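File shown: start06.txt (compact mmCIF, C-alpha atoms and all ligand atoms).
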```txt
# COMPACT_ATOMS: atom_id res chain seq x y z
CA MET A 204 -27.61 95.04 -68.77
CA ASP A 205 -24.09 94.46 -70.08
CA TYR A 206 -22.29 97.71 -70.87
CA ARG A 207 -21.29 96.17 -74.22
CA ASP A 208 -24.95 96.28 -75.24
CA LEU A 209 -24.75 100.07 -75.00
CA PRO A 210 -23.60 102.06 -78.02
CA ILE A 211 -20.00 102.39 -76.79
CA ARG A 212 -17.20 103.19 -79.26
CA ASP A 213 -16.20 100.04 -81.16
CA ASP A 214 -12.53 100.61 -80.36
CA LEU A 215 -13.29 100.46 -76.62
CA ARG A 216 -14.94 97.03 -76.75
CA GLU A 217 -11.72 95.04 -76.27
CA LEU A 218 -10.42 97.16 -73.37
CA THR A 219 -10.48 96.26 -69.69
CA PRO A 220 -10.50 99.03 -67.08
CA TYR A 221 -7.42 99.85 -64.98
CA GLY A 222 -7.81 97.62 -61.97
CA ALA A 223 -5.10 97.42 -59.33
CA PRO A 224 -6.99 95.51 -56.63
CA GLN A 225 -8.15 97.75 -53.75
CA ILE A 226 -8.35 95.12 -51.01
CA ASP A 227 -8.55 96.06 -47.34
CA VAL A 228 -5.39 94.47 -45.90
CA PRO A 229 -3.01 95.32 -43.03
CA TYR A 230 -0.11 95.80 -45.47
CA PRO A 231 -1.08 97.48 -48.77
CA LEU A 232 2.20 97.41 -50.73
CA ASN A 233 0.77 97.33 -54.25
CA THR A 234 0.28 100.85 -55.59
CA ASN A 235 3.55 102.57 -54.68
CA GLU A 236 2.04 105.07 -52.29
CA ASN A 237 4.19 106.72 -49.65
CA PRO A 238 3.58 104.69 -46.46
CA TYR A 239 3.85 107.81 -44.29
CA GLY A 240 0.75 109.95 -44.00
CA PRO A 241 1.09 113.74 -44.22
CA PRO A 242 2.79 115.10 -41.06
CA PRO A 243 0.47 116.62 -38.39
CA GLU A 244 1.64 120.22 -39.09
CA LEU A 245 0.67 119.74 -42.73
CA VAL A 246 -2.70 118.23 -41.81
CA ALA A 247 -3.39 121.27 -39.60
CA ASP A 248 -2.33 123.69 -42.36
CA LEU A 249 -4.43 121.79 -44.89
CA ALA A 250 -7.52 122.15 -42.71
CA GLU A 251 -6.95 125.89 -42.51
CA ALA A 252 -6.18 126.30 -46.22
CA VAL A 253 -9.22 124.29 -47.26
CA SER A 254 -11.43 126.23 -44.87
CA THR A 255 -10.17 129.54 -46.30
CA ALA A 256 -10.75 128.27 -49.84
CA ALA A 257 -14.22 127.14 -48.80
CA THR A 258 -15.30 130.72 -48.11
CA THR A 259 -15.20 131.47 -51.86
CA LEU A 260 -16.43 128.12 -53.22
CA ASN A 261 -19.37 129.93 -54.84
CA ARG A 262 -16.80 131.23 -57.36
CA TYR A 263 -14.96 129.21 -59.97
CA PRO A 264 -11.29 128.60 -59.16
CA ASP A 265 -8.34 130.17 -60.97
CA ARG A 266 -8.70 128.40 -64.31
CA ASP A 267 -4.96 128.55 -64.96
CA ALA A 268 -3.88 127.59 -61.42
CA THR A 269 -1.19 130.25 -61.73
CA ASP A 270 -0.10 130.39 -58.09
CA LEU A 271 0.17 126.61 -57.86
CA ARG A 272 2.14 126.46 -61.10
CA LYS A 273 4.53 129.12 -59.73
CA ASP A 274 5.06 127.05 -56.60
CA LEU A 275 5.63 123.90 -58.65
CA ALA A 276 8.14 125.73 -60.87
CA ASP A 277 10.04 126.86 -57.76
CA TYR A 278 10.10 123.30 -56.51
CA LEU A 279 11.40 121.91 -59.82
CA GLY A 280 14.21 124.44 -60.26
CA HIS A 281 16.32 123.88 -63.42
CA GLY A 282 15.28 127.36 -64.63
CA VAL A 283 11.64 126.24 -64.97
CA THR A 284 9.09 129.08 -64.65
CA VAL A 285 5.30 129.30 -64.35
CA ARG A 286 5.11 129.43 -68.16
CA ASN A 287 6.75 125.98 -68.36
CA VAL A 288 4.45 124.26 -65.85
CA TRP A 289 0.99 122.77 -66.12
CA ALA A 290 -1.02 120.96 -63.43
CA ALA A 291 -4.06 118.69 -63.37
CA ASN A 292 -5.88 116.07 -61.28
CA GLY A 293 -3.06 113.56 -61.07
CA SER A 294 -0.42 113.02 -63.70
CA ASN A 295 -2.86 110.63 -65.35
CA GLU A 296 -5.01 113.61 -66.27
CA VAL A 297 -1.91 115.42 -67.49
CA LEU A 298 -1.13 112.39 -69.70
CA GLN A 299 -4.70 112.31 -70.96
CA GLN A 300 -4.57 115.98 -71.91
CA ILE A 301 -1.28 115.38 -73.73
CA LEU A 302 -2.83 112.54 -75.75
CA GLN A 303 -6.00 114.55 -76.43
CA VAL A 304 -3.83 117.22 -78.03
CA PHE A 305 -1.06 115.23 -79.68
CA GLY A 306 -2.71 111.82 -80.19
CA GLY A 307 -6.16 110.86 -81.46
CA PRO A 308 -7.64 109.00 -84.43
CA GLY A 309 -5.13 108.24 -87.18
CA ARG A 310 -2.18 108.85 -84.84
CA SER A 311 -0.05 106.54 -82.74
CA ALA A 312 1.92 106.57 -79.50
CA ILE A 313 4.79 104.26 -78.62
CA GLY A 314 6.00 103.05 -75.24
CA PHE A 315 8.68 100.53 -74.35
CA GLU A 316 7.23 97.70 -72.30
CA PRO A 317 6.98 96.59 -69.63
CA SER A 318 6.19 100.10 -68.48
CA TYR A 319 3.36 102.05 -66.90
CA SER A 320 0.15 100.42 -68.19
CA MET A 321 -1.79 103.70 -68.14
CA HIS A 322 0.25 105.07 -71.05
CA ARG A 323 -1.29 102.41 -73.27
CA LEU A 324 -4.75 102.66 -71.70
CA ILE A 325 -4.94 106.45 -72.00
CA ALA A 326 -3.68 106.23 -75.58
CA LEU A 327 -6.44 103.76 -76.45
CA ALA A 328 -9.07 105.77 -74.56
CA THR A 329 -8.18 108.79 -76.70
CA ALA A 330 -8.41 106.64 -79.89
CA THR A 331 -4.65 106.80 -80.34
CA GLU A 332 -3.10 103.64 -81.78
CA TRP A 333 -0.69 102.03 -79.30
CA ILE A 334 2.66 100.68 -80.41
CA SER A 335 4.37 98.34 -78.00
CA GLY A 336 8.13 98.89 -78.22
CA LEU A 337 10.44 96.43 -76.52
CA ARG A 338 13.08 96.52 -73.80
CA GLU A 339 16.10 94.29 -73.38
CA GLY A 340 16.00 91.15 -71.26
CA ASP A 341 17.31 93.15 -68.28
CA TYR A 342 14.53 95.76 -68.84
CA THR A 343 16.92 98.47 -70.01
CA LEU A 344 16.14 100.37 -73.19
CA ASP A 345 18.57 100.09 -76.09
CA ALA A 346 18.85 103.59 -77.59
CA ALA A 347 19.55 102.39 -81.15
CA LYS A 348 16.56 100.04 -81.12
CA ALA A 349 14.30 102.74 -79.67
CA VAL A 350 15.43 105.18 -82.36
CA ALA A 351 14.81 102.52 -85.06
CA ALA A 352 11.30 101.87 -83.71
CA ILE A 353 10.51 105.60 -83.79
CA GLU A 354 11.80 105.92 -87.35
CA ARG A 355 9.78 102.90 -88.47
CA HIS A 356 6.46 103.73 -86.78
CA GLN A 357 6.57 107.55 -86.97
CA PRO A 358 4.47 107.95 -83.81
CA SER A 359 3.04 111.28 -82.66
CA VAL A 360 3.93 110.65 -79.01
CA VAL A 361 6.82 108.70 -77.48
CA PHE A 362 6.59 107.60 -73.84
CA LEU A 363 9.63 107.03 -71.65
CA THR A 364 9.31 106.26 -67.94
CA SER A 365 12.26 107.03 -65.71
CA PRO A 366 12.55 105.54 -63.14
CA ASN A 367 10.50 102.93 -64.96
CA ASN A 368 7.39 101.33 -63.48
CA PRO A 369 7.12 98.34 -62.85
CA THR A 370 10.83 97.61 -63.21
CA GLY A 371 12.23 100.47 -61.09
CA THR A 372 15.36 101.52 -62.93
CA ALA A 373 16.07 105.09 -64.09
CA MET A 374 17.08 105.66 -67.67
CA ASP A 375 20.42 106.94 -68.85
CA LEU A 376 20.16 110.56 -69.99
CA ASP A 377 21.96 109.58 -73.21
CA VAL A 378 19.09 107.23 -74.09
CA ILE A 379 16.55 110.02 -73.49
CA ARG A 380 18.68 112.37 -75.60
CA ALA A 381 18.83 109.88 -78.49
CA VAL A 382 15.07 109.24 -78.33
CA ALA A 383 14.33 112.98 -78.17
CA LYS A 384 16.48 113.56 -81.25
CA ALA A 385 14.76 110.76 -83.22
CA ALA A 386 11.34 112.02 -82.09
CA ASP A 387 12.20 115.54 -83.17
CA GLN A 388 13.11 114.23 -86.63
CA VAL A 389 9.70 112.57 -87.08
CA GLY A 390 7.90 115.50 -85.43
CA ALA A 391 6.83 113.54 -82.34
CA MET A 392 6.41 114.72 -78.76
CA VAL A 393 8.42 112.88 -76.08
CA VAL A 394 6.91 112.38 -72.64
CA VAL A 395 9.31 111.42 -69.86
CA ASP A 396 7.20 110.19 -66.95
CA GLU A 397 9.23 110.96 -63.81
CA ALA A 398 6.58 109.96 -61.25
CA TYR A 399 9.27 108.38 -59.06
CA PHE A 400 12.11 110.81 -59.66
CA GLU A 401 12.47 111.84 -56.00
CA PHE A 402 13.40 108.24 -55.12
CA ALA A 403 16.20 107.92 -57.69
CA ARG A 404 19.65 106.99 -56.51
CA PRO A 405 22.05 109.91 -55.94
CA GLY A 406 23.49 111.39 -59.12
CA THR A 407 20.53 110.42 -61.34
CA PRO A 408 19.91 113.43 -63.61
CA SER A 409 16.36 114.55 -64.41
CA ALA A 410 15.14 114.93 -67.99
CA LEU A 411 14.34 118.51 -66.89
CA THR A 412 17.97 119.27 -67.75
CA LEU A 413 17.15 118.52 -71.42
CA LEU A 414 14.17 120.90 -71.67
CA PRO A 415 16.01 124.00 -72.94
CA GLU A 416 17.28 122.24 -76.08
CA ASN A 417 14.15 120.12 -76.69
CA PRO A 418 10.92 122.07 -77.34
CA ARG A 419 9.04 118.80 -77.96
CA LEU A 420 10.03 117.28 -74.61
CA ILE A 421 7.50 116.99 -71.77
CA VAL A 422 8.52 115.89 -68.26
CA THR A 423 5.64 114.73 -66.06
CA ARG A 424 5.70 114.50 -62.27
CA THR A 425 3.18 113.77 -59.55
CA MET A 426 2.43 114.57 -55.92
CA SER A 427 1.06 111.02 -55.51
CA LYS A 428 4.30 109.24 -54.62
CA ALA A 429 7.16 111.01 -52.82
CA PHE A 430 4.83 113.84 -51.73
CA ALA A 431 2.46 111.41 -49.98
CA MET A 432 -0.57 113.11 -51.55
CA ALA A 433 -2.06 110.35 -53.74
CA GLY A 434 -5.51 111.09 -52.33
CA ALA A 435 -5.33 114.78 -53.31
CA ARG A 436 -4.90 114.02 -57.05
CA VAL A 437 -2.26 116.47 -58.23
CA GLY A 438 0.07 115.85 -61.15
CA TYR A 439 2.03 118.30 -63.26
CA LEU A 440 4.41 118.70 -66.15
CA ALA A 441 7.23 120.91 -67.33
CA ALA A 442 7.66 121.74 -71.01
CA ASP A 443 8.08 124.55 -73.49
CA PRO A 444 5.40 127.26 -73.00
CA ALA A 445 3.95 126.38 -76.44
CA VAL A 446 3.06 122.92 -75.10
CA ILE A 447 1.08 124.48 -72.26
CA ASP A 448 -0.71 126.78 -74.73
CA ALA A 449 -1.65 123.65 -76.73
CA LEU A 450 -3.00 121.86 -73.64
CA LEU A 451 -5.38 124.78 -73.00
CA LEU A 452 -7.29 123.62 -76.10
CA VAL A 453 -8.44 120.42 -74.40
CA ARG A 454 -8.46 121.05 -70.67
CA LEU A 455 -11.91 121.37 -69.20
CA PRO A 456 -12.62 124.84 -67.84
CA TYR A 457 -11.76 125.02 -64.11
CA HIS A 458 -10.51 121.42 -64.12
CA LEU A 459 -8.48 121.85 -60.93
CA SER A 460 -10.75 122.62 -57.98
CA ALA A 461 -10.03 125.48 -55.59
CA LEU A 462 -9.70 122.89 -52.80
CA THR A 463 -7.13 120.89 -54.76
CA GLN A 464 -5.13 124.00 -55.61
CA ALA A 465 -5.16 125.10 -51.97
CA ALA A 466 -4.16 121.62 -50.76
CA ALA A 467 -1.33 121.29 -53.26
CA ARG A 468 0.08 124.74 -52.46
CA THR A 469 -0.06 123.97 -48.77
CA ALA A 470 1.74 120.66 -49.26
CA LEU A 471 4.48 122.44 -51.20
CA LYS A 472 5.08 124.69 -48.18
CA HIS A 473 5.94 121.49 -46.28
CA VAL A 474 8.20 120.11 -48.96
CA ASP A 475 11.10 119.46 -46.58
CA ALA A 476 9.00 117.40 -44.16
CA LEU A 477 7.32 115.51 -46.99
CA LEU A 478 10.55 114.69 -48.76
CA GLY A 479 12.05 113.81 -45.37
CA THR A 480 10.20 110.50 -45.63
CA VAL A 481 11.88 109.72 -48.94
CA ASP A 482 15.17 108.65 -47.34
CA ALA A 483 13.38 106.26 -44.99
CA VAL A 484 11.48 104.75 -47.92
CA LYS A 485 14.67 104.44 -49.96
CA ALA A 486 16.35 102.66 -47.06
CA GLN A 487 13.53 100.08 -47.00
CA ARG A 488 13.73 99.76 -50.78
CA ASP A 489 17.46 99.03 -50.54
CA ARG A 490 16.76 96.60 -47.71
CA ILE A 491 14.27 94.69 -49.90
CA VAL A 492 16.80 94.57 -52.75
CA ALA A 493 19.53 93.28 -50.40
CA GLU A 494 17.32 90.68 -48.70
CA LEU A 495 15.79 89.33 -51.90
CA THR A 496 19.24 89.13 -53.46
CA ALA A 497 20.46 87.23 -50.40
CA LEU A 498 17.53 84.83 -50.87
CA GLY A 499 18.83 84.21 -54.38
CA LEU A 500 15.91 85.90 -56.18
CA PRO A 501 16.58 87.92 -59.35
CA VAL A 502 16.06 91.60 -58.48
CA VAL A 503 15.96 94.58 -60.83
CA PRO A 504 17.99 97.63 -59.65
CA SER A 505 15.55 100.22 -58.26
CA ASP A 506 15.51 104.02 -58.37
CA ALA A 507 11.89 104.02 -57.22
CA ASN A 508 9.93 103.21 -54.05
CA PHE A 509 9.27 99.64 -55.19
CA VAL A 510 11.19 96.54 -56.19
CA PHE A 511 10.54 94.20 -59.14
CA PHE A 512 11.71 90.67 -58.54
CA GLY A 513 11.68 87.19 -60.00
CA VAL A 514 9.73 84.34 -58.42
CA PRO A 515 11.52 80.99 -57.98
CA GLY A 516 9.71 78.41 -60.10
CA GLY A 517 8.01 81.24 -62.04
CA ASP A 518 4.49 80.95 -60.58
CA GLN A 519 3.94 84.56 -59.56
CA LYS A 520 0.18 84.11 -59.15
CA ALA A 521 0.65 81.39 -56.52
CA LEU A 522 3.23 83.43 -54.60
CA TRP A 523 1.08 86.59 -54.79
CA GLN A 524 -1.83 84.66 -53.29
CA LYS A 525 0.26 83.13 -50.51
CA VAL A 526 1.77 86.49 -49.55
CA LEU A 527 -1.76 87.97 -49.53
CA GLY A 528 -2.71 85.20 -47.07
CA HIS A 529 -0.33 86.94 -44.62
CA GLY A 530 -2.18 90.26 -45.09
CA VAL A 531 0.44 91.65 -47.46
CA LEU A 532 -0.90 92.94 -50.79
CA ILE A 533 1.75 93.19 -53.51
CA ARG A 534 1.37 93.57 -57.27
CA ASP A 535 1.18 91.07 -60.08
CA VAL A 536 1.49 93.28 -63.17
CA GLY A 537 0.90 90.30 -65.46
CA ILE A 538 4.52 89.60 -66.34
CA PRO A 539 5.11 85.85 -65.94
CA GLY A 540 7.45 85.00 -63.09
CA MET A 541 7.69 88.57 -61.75
CA LEU A 542 6.13 90.51 -58.87
CA ARG A 543 6.42 94.10 -57.64
CA VAL A 544 6.41 95.24 -54.03
CA THR A 545 6.21 98.80 -52.70
CA ALA A 546 8.71 99.76 -49.99
CA GLY A 547 6.73 100.46 -46.82
CA THR A 548 7.65 101.56 -43.34
CA GLU A 549 10.22 99.42 -41.58
CA SER A 550 7.54 97.24 -39.95
CA GLU A 551 5.50 96.91 -43.15
CA THR A 552 8.63 95.89 -45.01
CA THR A 553 9.42 93.35 -42.30
CA ALA A 554 5.88 91.95 -42.64
CA PHE A 555 6.43 91.57 -46.38
CA LEU A 556 9.83 89.91 -46.02
CA ASP A 557 8.51 87.48 -43.37
CA ALA A 558 5.44 86.67 -45.50
CA LEU A 559 7.64 86.15 -48.53
CA LYS A 560 10.05 83.82 -46.75
CA GLU A 561 7.24 81.74 -45.26
CA SER A 562 5.40 81.58 -48.58
CA LEU A 563 8.53 80.52 -50.46
CA ALA A 564 9.19 77.79 -47.88
CA VAL A 565 5.62 76.49 -48.22
CA MET A 566 5.86 76.54 -52.02
CA GLU A 567 9.14 74.70 -51.93
CA GLY A 568 7.52 72.03 -49.74
CA GLU A 569 4.64 71.73 -52.22
CA SER A 570 6.81 71.24 -55.30
C1 LIG B 1 1.81 106.27 -59.97
C2 LIG B 1 2.23 106.71 -61.32
C3 LIG B 1 1.76 107.90 -61.84
C4 LIG B 1 0.91 108.78 -60.97
O1 LIG B 1 -0.35 108.95 -61.34
P1 LIG B 1 -1.21 110.08 -60.61
O2 LIG B 1 -2.34 110.21 -61.54
O3 LIG B 1 -0.35 111.31 -60.55
O4 LIG B 1 -1.56 109.57 -59.26
C5 LIG B 1 2.22 108.34 -63.06
N1 LIG B 1 3.13 107.63 -63.74
C6 LIG B 1 3.64 106.48 -63.26
C7 LIG B 1 4.68 105.77 -64.01
C8 LIG B 1 3.18 105.98 -62.05
O5 LIG B 1 3.64 104.82 -61.58
```
Hey, can you dump this file as structure tokens for me?
Amino acid sequence: MDYRDLPIRDDLRELTPYGAPQIDVPYPLNTNENPYGPPPELVADLAEAVSTAATTLNRYPDRDATDLRKDLADYLGHGVTVRNVWAANGSNEVLQQILQVFGGPGRSAIGFEPSYSMHRLIALATATEWISGLREGDYTLDAAKAVAAIERHQPSVVFLTSPNNPTGTAMDLDVIRAVAKAADQVGAMVVVDEAYFEFARPGTPSALTLLPENPRLIVTRTMSKAFAMAGARVGYLAADPAVIDALLLVRLPYHLSALTQAAARTALKHVDALLGTVDAVKAQRDRIVAELTALGLPVVPSDANFVFFGVPGGDQKALWQKVLGHGVLIRDVGIPGMLRVTAGTESETTAFLDALKESLAVMEGES
């Protein structure tokens, strides 16, 4: 039976599920994971923490994940306390909870594309109308145009992504300030998705610095990228305590398992080792930028662990396929002429660069 023959919501009929290919390849460089697995000391501590948590699995976990939220607040700094922090199963669940509370039927959310496709998908899944705002040709966001779009559409939620995915560049704090002010005037919440913040170039300020003067601002983070814990599913946010009180209305009781809470708290005890991999990843990111630039490809400046680049001749599907033929999986986000590659270990990055050069040479021969 086709699922469309089932009585699904009419507004879901036109959607397609999120579907980054999960192909078994030697070089998976398509979903921006940290290429380094958790260090052995962390793995050992995780085993112990999970086994301790297992002794009380007959009981529901701490519904409010208070200890984890305290640890996350300590990690964030910027004067953030447990009352400002909320955590869930990946920042995608955090985003869903935000839209369940602040979006919904008769309301809209705006994002400035290209950006993280899940903002739109979660909006639509929560029956929130999606408004596609635009970026400039170089993928930056023009503050005046963003403000005008907010004034015109009067959305309930405004999404900003900094550093942006798939383009990689962090946003100027002045742009975030201008958007937050416009949002405040129309009564909208502003979500700044900082999933890649730990990879930003030195001197990039976090939107966390704007929290004290902006009670409608929400900054989301994740343990899936820099923290090398994508498989654990832990995301979190910082915001005014009233925002967290509002989220309690929609969160499922005991949404964050005792095992997840234990794993996340244990990982935070190893924050130095985990973030120690960030510099190595950034070095490979900068190497990709330098090498692609030397090859004459257009490259977008990156504050993330991936690089967005232009494909000579514009046929990104053909190049994606050829690179995959070398066992290197990168990402076609559906923007004509552009591809995204995650920075891997040094040898993974070398495999990508070699595959790219060979593929480009073959394509040049074919044209
Ligand atoms: C990867 C990513 C996330 C992380 O999602 P999780 O659910 O925390 O794994 C969030 N936002 C952006 C922009 C991302 O690229």
Env of Leu344 of chain A: 10 Å cut, atoms = all atoms listed in the file, seq-sep filter 4 positions within chain, self excluded. Answer as a JSON list (two decimals) with C-alpha atoms, in the frame of the given file.
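Just written: around_15.json:
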```json
[["chain", "number", "residue", "atom", "x", "y", "z"],
["A", 315, "PHE", "CA", 8.68, 100.53, -74.35],
["A", 316, "GLU", "CA", 7.23, 97.70, -72.30],
["A", 336, "GLY", "CA", 8.13, 98.89, -78.22],
["A", 337, "LEU", "CA", 10.44, 96.43, -76.52],
["A", 338, "ARG", "CA", 13.08, 96.52, -73.80],
["A", 339, "GLU", "CA", 16.10, 94.29, -73.38],
["A", 340, "GLY", "CA", 16.00, 91.15, -71.26],
["A", 348, "LYS", "CA", 16.56, 100.04, -81.12],
["A", 349, "ALA", "CA", 14.30, 102.74, -79.67],
["A", 363, "LEU", "CA", 9.63, 107.03, -71.65],
["A", 374, "MET", "CA", 17.08, 105.66, -67.67],
["A", 375, "ASP", "CA", 20.42, 106.94, -68.85],
["A", 378, "VAL", "CA", 19.09, 107.23, -74.09],
["A", 379, "ILE", "CA", 16.55, 110.02, -73.49]]
```
Considering only C-alpha atoms, state which residue in the set A:Glu397, A:Asp205, A:Asp341, A:Glu251 is at the smallest distance from Gly513 of chain A.
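Of the candidates, the smallest distance to Gly513 of chain A is held by A:Asp341.
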Please extract the residues at most 9 Å from ligand LIG 1 (chain B), counting only C-alpha atoms and all ligand atoms, and provide them as a PyMOL selection string, using the chain letters and residue numbers of this document.
chain A and resi 234-236+291-298+318-322+364-369+396-399+423-428+432-439
How about saving the chosen residues, C-alpha atoms kept, as a CSV table (one decimal), in the coordinates of the input?
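This is the output file result18.csv:
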```
chain,number,residue,atom,x,y,z
A,234,THR,CA,0.3,100.8,-55.6
A,235,ASN,CA,3.6,102.6,-54.7
A,236,GLU,CA,2.0,105.1,-52.3
A,291,ALA,CA,-4.1,118.7,-63.4
A,292,ASN,CA,-5.9,116.1,-61.3
A,293,GLY,CA,-3.1,113.6,-61.1
A,294,SER,CA,-0.4,113.0,-63.7
A,295,ASN,CA,-2.9,110.6,-65.4
A,296,GLU,CA,-5.0,113.6,-66.3
A,297,VAL,CA,-1.9,115.4,-67.5
A,298,LEU,CA,-1.1,112.4,-69.7
A,318,SER,CA,6.2,100.1,-68.5
A,319,TYR,CA,3.4,102.0,-66.9
A,320,SER,CA,0.2,100.4,-68.2
A,321,MET,CA,-1.8,103.7,-68.1
A,322,HIS,CA,0.2,105.1,-71.0
A,364,THR,CA,9.3,106.3,-67.9
A,365,SER,CA,12.3,107.0,-65.7
A,366,PRO,CA,12.6,105.5,-63.1
A,367,ASN,CA,10.5,102.9,-65.0
A,368,ASN,CA,7.4,101.3,-63.5
A,369,PRO,CA,7.1,98.3,-62.8
A,396,ASP,CA,7.2,110.2,-67.0
A,397,GLU,CA,9.2,111.0,-63.8
A,398,ALA,CA,6.6,110.0,-61.2
A,399,TYR,CA,9.3,108.4,-59.1
A,423,THR,CA,5.6,114.7,-66.1
A,424,ARG,CA,5.7,114.5,-62.3
A,425,THR,CA,3.2,113.8,-59.6
A,426,MET,CA,2.4,114.6,-55.9
A,427,SER,CA,1.1,111.0,-55.5
A,428,LYS,CA,4.3,109.2,-54.6
A,432,MET,CA,-0.6,113.1,-51.6
A,433,ALA,CA,-2.1,110.4,-53.7
A,434,GLY,CA,-5.5,111.1,-52.3
A,435,ALA,CA,-5.3,114.8,-53.3
A,436,ARG,CA,-4.9,114.0,-57.0
A,437,VAL,CA,-2.3,116.5,-58.2
A,438,GLY,CA,0.1,115.8,-61.2
A,439,TYR,CA,2.0,118.3,-63.3
```
Between segment 237-302 of chain A and segment 465-472 of chain A, at 12 Å or less, what are the per-residue closest atom pairs and their distances in Å? Count only C-alpha atoms, order by chain and rising residue number, and return it as a Markdown table.
```
| residue | atom | partner | partner_atom | distance |
| --- | --- | --- | --- | --- |
| A:Gly240 | CA | A:Ala470 | CA | 12.0 |
| A:Pro241 | CA | A:Ala470 | CA | 8.6 |
| A:Pro242 | CA | A:Ala470 | CA | 10.0 |
| A:Pro243 | CA | A:Ala470 | CA | 11.7 |
| A:Glu244 | CA | A:Ala470 | CA | 10.2 |
| A:Leu245 | CA | A:Ala470 | CA | 6.7 |
| A:Val246 | CA | A:Ala470 | CA | 9.0 |
| A:Ala247 | CA | A:Thr469 | CA | 10.1 |
| A:Asp248 | CA | A:Thr469 | CA | 6.8 |
| A:Leu249 | CA | A:Ala466 | CA | 5.9 |
| A:Ala250 | CA | A:Ala466 | CA | 8.7 |
| A:Glu251 | CA | A:Thr469 | CA | 9.5 |
| A:Ala252 | CA | A:Ala465 | CA | 6.0 |
| A:Val253 | CA | A:Ala465 | CA | 6.3 |
| A:Ser254 | CA | A:Ala465 | CA | 9.5 |
| A:Thr255 | CA | A:Ala465 | CA | 8.8 |
| A:Ala256 | CA | A:Ala465 | CA | 6.8 |
| A:Ala257 | CA | A:Ala465 | CA | 9.8 |
| A:Thr259 | CA | A:Ala465 | CA | 11.9 |
| A:Leu260 | CA | A:Ala465 | CA | 11.7 |
| A:Pro264 | CA | A:Ala465 | CA | 10.1 |
| A:Asp265 | CA | A:Ala465 | CA | 10.8 |
| A:Ala268 | CA | A:Ala465 | CA | 9.9 |
| A:Thr269 | CA | A:Arg468 | CA | 10.9 |
| A:Asp270 | CA | A:Arg468 | CA | 8.0 |
| A:Leu271 | CA | A:Arg468 | CA | 5.7 |
| A:Arg272 | CA | A:Arg468 | CA | 9.0 |
| A:Lys273 | CA | A:Arg468 | CA | 9.6 |
| A:Asp274 | CA | A:Arg468 | CA | 6.9 |
| A:Leu275 | CA | A:Leu471 | CA | 7.7 |
| A:Ala276 | CA | A:Leu471 | CA | 10.9 |
| A:Asp277 | CA | A:Leu471 | CA | 9.7 |
| A:Tyr278 | CA | A:Leu471 | CA | 7.8 |
| A:Leu279 | CA | A:Leu471 | CA | 11.1 |
| A:Ala290 | CA | A:Ala467 | CA | 10.2 |
| A:Ala291 | CA | A:Ala467 | CA | 10.8 |
| A:Asn292 | CA | A:Ala467 | CA | 10.6 |
| A:Gly293 | CA | A:Ala467 | CA | 11.1 |
```
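Of the listed residues (A:Val531, A:Ala564, A:Gly516, A:Pro539), A:Val531 comes nearest to Val228 of chain A; the distances count all atoms listed in the file.
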Between A:Gly280, A:Gly371, A:Pro220, A:Gly306, which is the closest to Val544 of chain A once you count all atoms listed in the file?
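Using all atoms listed in the file, the shortest distance to Val544 of chain A belongs to A:Gly371.
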Coordinates-based distance that separates atom CA of Ile313 of chain A from atom CA of Ala328 of chain A (Å, one decimal):
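So the two atoms, atom CA of Ala328 of chain A and atom CA of Ile313 of chain A, lie 14.5 Å apart.
Counting only C-alpha atoms and comparing A:Leu559, A:Leu413, A:Ile211, A:Ile334, the residue that lies closest to Val283 of chain A is A:Leu413.
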Of the candidates A:Thr480, A:Thr412, A:Thr545, A:Gln357, which shows the shortest atom-to-atom distance to Ala386 of chain A, using only C-alpha atoms?
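That would be A:Gln357, the residue with the smallest distance to Ala386 of chain A.
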Surrounding residues of Arg404 of chain A excluding itself and chain neighbours under 5 positions, 9 Å, all atoms listed in the file, as a short mmCIF file (atom, residue, chain, number, x, y, z; two decimals) with C-alpha atoms, keeping the file's coordinate frame:
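Dumped everything to out-v2.cif:
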```cif
data_model
loop_
_atom_site.label_atom_id
_atom_site.label_comp_id
_atom_site.auth_asym_id
_atom_site.auth_seq_id
_atom_site.Cartn_x
_atom_site.Cartn_y
_atom_site.Cartn_z
CA ALA A 373 16.07 105.09 -64.09
CA LYS A 485 14.67 104.44 -49.96
CA SER A 505 15.55 100.22 -58.26
CA ASP A 506 15.51 104.02 -58.37
CA ALA A 507 11.89 104.02 -57.22
#
```
Could you please give me, as a ChimeraX atom specification, the residues of protein, DNA or RNA lying at most 12 Å from (15.7, 111.7, -82.1) in the coordinate frame of the file, considering all atoms listed in the file?
/A:346-354,357-358,361,377-393,417,419-420
Long-range neighbours of Glu551 of chain A as a PyMOL selection string, 12 Å cut-off, only C-alpha atoms, 3 positions minimum in chain:
chain A and resi 228-232+237-239+484+487-488+491+529-533+544-548+554-558
Skipping near chain neighbours, those fewer than 3 positions away, what residues fall within 10 Å of Glu217 of chain A using all atoms listed in the file, listed as a PDB file with C-alpha atoms, in the coordinates of the input?
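Just written: result24.pdb:
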```
ATOM      1  CA  ARG A 207     -21.290  96.170 -74.220  1.00  0.00           C
ATOM      2  CA  ASP A 213     -16.200 100.040 -81.160  1.00  0.00           C
ATOM      3  CA  ASP A 214     -12.530 100.610 -80.360  1.00  0.00           C
TER       4      ASP A 214
END
```
Using atom CA of Thr496 of chain A and atom CA of Lys525 of chain A as the two end points, give the distance in Å to one decimal.
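Separating atom CA of Thr496 of chain A from atom CA of Lys525 of chain A is a distance of 20.1 Å.
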As an exercise, work out the distance from atom CA of Ala441 of chain A to atom CA of Ser460 of chain A in Å and give it to one decimal place.
20.3 Å
Smallest atom-to-atom distance to Pro317 of chain A: which of A:Val394, A:Met541, A:Leu451, A:Ala429, using only C-alpha atoms?
A:Met541
